[in-house]
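Visitor: I have a structure I would like to understand better, so I am pasting it below and will then ask my questions one at a time.
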Amino acid sequence: MDQAESVRTPSSWVVVGLDNGGTSNNATVLDATGQFLVDHLVENPSRVLDGPESAVEALADAFTGILTLTRTPHSLVRAVGLDTPGPASANGVISSKGATNFNHVSWHGFDIRGALEARLGLPVVYNNDGNAAALYAHHQHFGPAAAANSSVSAIVGTGLGGGVVEAGAVIRGAAGMAGELGHVQIPLHGVLENDQPVPRCNCGFEGDVESVASLTGIKNNLLPYWLSRFPEHQLAGEPIGAAAKALRGYAEKDDPLALAVFAQQAKAIGKLFTIAANFTDPAAYFLGGGVVEAAPHFRQWFLNTVRESTDLRDEQKAVATFALVPDRDMAGSRGAAVAALNTVIVK
Ligand SMILES: [Zn+2]
């Protein structure tokens with residue numbers, strides 16, 4: 001079989017991975033040997049704004065569509081992995097207070113995992129999108145040694161997502177709230193300037209990782225402060241939301257204000273990783289999100305700044321790896337599929 005072919009035909013049993021997002025679902029197929037049968041984004045509209053019923057049908061369409069594309073008979077599918085944005089329980093029940101993507105009241109407390117399982121007649125394994133991406137990063141990096149290793153992933157987006165992987169499996173916690181790395185409070189000494197206000201997070205905490213290392217943190221906290229230090233800056237005249245989104249472009253051109261903001265983000269992630277070093281002492285620290293798509297010299301600088309800001313002991317430095325999370329757009333569906341594959345293998 002030609003490995004370079006964009007779509008491969010499955011040889012034995014498979015699992016399907018479905019990544020549910022605000023506008024699109026993204027689907028993949030993973031075979032029993034750990035090979036993905038799709039090497040590109042395969043999307044369909046997620047219809048989450050139309051409510052749960054339409055969204056579950058859209059996921060079923062994604063499932064059928066990816067089987068057709070990969071010429072996979074339905075009878076070969078052993079399980080389905082599903083991921084969505086949180087907050088949701090470990091078992092895929094959307095928060096009773098709703099969520100950014102699941103705002104309509106019909107979503108509050110909705111069991112999306114159970115509904116999809118009933119619709120497809122196959123076991124469905126749930127993870128939130130941060131945990132799915134963390135699992136994919138882990139398995140992509142460690143390959144056959146995944147089960148013997150641990151990692152922590154921080155994924156910078158609108159918020160700060162990620163996850164903790166131990167012995168190849170995501171740590172879920174008693175209430176499904178483990179690995180909510182964005183809301184870990186960090187020491188701010190060495191991160192903030194002396195006259196800088198303590199950043200606030202939408203979750204109600206002050207000085208957690210997301211209040212600094214996220215697009216929301218830039219918009220609400222970091223950029224207003226740094227614009228007061230650079231009042232003549234080009235972005236001073238822009239609406240703050242647009243200015244926050246434009247900031248990475250400036251950083252890629254070594255703009256001092258933009259680099260000051262991203263240095264604070266990298267230092268905050270380093271503080272988080274320092275906590276991780278003393279908590280699970282992982283073998284690998286992964287960094288993902290928009291920064292991975294930035295110009296190579298900028299993303300390398302960002303990763304280096306994270307590494308320099310992570311306080312490891314000499315024994316840890318000798319074994320720890322820092323790396324970027326690969327295949328950002330496909331990380332959710334691929335991680336969801338890996339989670340499904342793990343449950344089939346364990347059985
Ligand atoms: Zn928070």
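Each chain in the structure tokens gets a letter, A, B and so on, in the order shown; residues start at 1 in every chain, and ligands are counted from 1 in the order they appear.
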Any chance you could list, as a ChimeraX atom specification, the residues in range 249-295 of chain A that come up strand (DSSP E) when DSSP is run on the backbone?
Guide: /A:284-289
Visitor: List all protein, DNA and RNA residues that have any atom at most 10 Å from ligand 1, counting only C-alpha atoms and all ligand atoms, and write the list as a ChimeraX atom specification.
Guide: /A:159-160,180-185,200-212,217
Visitor: So, with only C-alpha atoms as the atoms that count, which of A:Ala336, A:Ala115, A:Ala277, A:Val165 lies closest to Val93 in chain A?
Guide: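 Under the stated criterion, the closest residue is A:Ala115.
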Visitor: Using only C-alpha atoms, what does the table of range 221-330 of chain A residues within 7 Å of range 144-153 of chain A look like, with each row giving the shortest atom pair and its distance in Å to one decimal, sorted by chain and ascending number, as a tab-separated table?
Guide:
residue	atom	partner	partner_atom	distance
A:Pro282	CA	A:Ser151	CA	4.7
A:Ala283	CA	A:Ser150	CA	5.4
A:Ala284	CA	A:Ser151	CA	4.6
A:Tyr285	CA	A:Val152	CA	5.1
A:Phe286	CA	A:Ser153	CA	4.4
A:Leu287	CA	A:Ser153	CA	5.8
Visitor: Can you write just those residues out, all heavy atoms, as a JSON list (two decimals), in the first residue's frame?
Guide:
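Once written, out_21.json looks like this:
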[["chain", "number", "residue", "atom", "x", "y", "z"],
["A", 282, "PRO", "N", 6.66, 15.40, 34.26],
["A", 282, "PRO", "CA", 6.46, 14.72, 32.97],
["A", 282, "PRO", "C", 7.74, 14.59, 32.15],
["A", 282, "PRO", "O", 8.69, 15.36, 32.35],
["A", 282, "PRO", "CB", 5.46, 15.63, 32.26],
["A", 282, "PRO", "CG", 5.70, 16.98, 32.83],
["A", 282, "PRO", "CD", 6.09, 16.76, 34.28],
["A", 283, "ALA", "N", 7.72, 13.65, 31.22],
["A", 283, "ALA", "CA", 8.86, 13.47, 30.31],
["A", 283, "ALA", "C", 8.87, 14.52, 29.22],
["A", 283, "ALA", "O", 9.91, 14.83, 28.66],
["A", 283, "ALA", "CB", 8.79, 12.07, 29.68],
["A", 284, "ALA", "N", 7.67, 15.06, 28.88],
["A", 284, "ALA", "CA", 7.61, 16.05, 27.80],
["A", 284, "ALA", "C", 6.65, 17.17, 28.14],
["A", 284, "ALA", "O", 5.63, 16.96, 28.80],
["A", 284, "ALA", "CB", 7.19, 15.38, 26.50],
["A", 285, "TYR", "N", 7.01, 18.38, 27.68],
["A", 285, "TYR", "CA", 6.18, 19.58, 27.83],
["A", 285, "TYR", "C", 5.84, 20.05, 26.42],
["A", 285, "TYR", "O", 6.74, 20.41, 25.65],
["A", 285, "TYR", "CB", 6.98, 20.67, 28.56],
["A", 285, "TYR", "CG", 7.40, 20.28, 29.96],
["A", 285, "TYR", "CD1", 8.56, 19.51, 30.16],
["A", 285, "TYR", "CD2", 6.67, 20.67, 31.07],
["A", 285, "TYR", "CE1", 8.96, 19.13, 31.44],
["A", 285, "TYR", "CE2", 7.06, 20.30, 32.36],
["A", 285, "TYR", "CZ", 8.20, 19.54, 32.53],
["A", 285, "TYR", "OH", 8.59, 19.17, 33.79],
["A", 286, "PHE", "N", 4.54, 20.04, 26.10],
["A", 286, "PHE", "CA", 4.13, 20.42, 24.75],
["A", 286, "PHE", "C", 3.44, 21.77, 24.76],
["A", 286, "PHE", "O", 2.68, 22.09, 25.67],
["A", 286, "PHE", "CB", 3.17, 19.37, 24.16],
["A", 286, "PHE", "CG", 3.78, 18.02, 24.00],
["A", 286, "PHE", "CD1", 3.23, 16.91, 24.64],
["A", 286, "PHE", "CD2", 4.90, 17.83, 23.20],
["A", 286, "PHE", "CE1", 3.77, 15.64, 24.50],
["A", 286, "PHE", "CE2", 5.46, 16.56, 23.06],
["A", 286, "PHE", "CZ", 4.90, 15.47, 23.70],
["A", 287, "LEU", "N", 3.69, 22.52, 23.68],
["A", 287, "LEU", "CA", 3.11, 23.85, 23.51],
["A", 287, "LEU", "C", 2.37, 23.88, 22.18],
["A", 287, "LEU", "O", 2.93, 23.49, 21.16],
["A", 287, "LEU", "CB", 4.26, 24.86, 23.51],
["A", 287, "LEU", "CG", 3.90, 26.32, 23.39],
["A", 287, "LEU", "CD1", 3.13, 26.78, 24.62],
["A", 287, "LEU", "CD2", 5.18, 27.14, 23.21]]
Visitor: Residues of range 91-323 of chain A classed as alpha helix (DSSP H) by DSSP on the backbone are to be reported as a PyMOL selection string.
Guide: chain A and resi 112-120+129-142+209-212+215-217+223-229+240-252+256-279+296-308+314-317
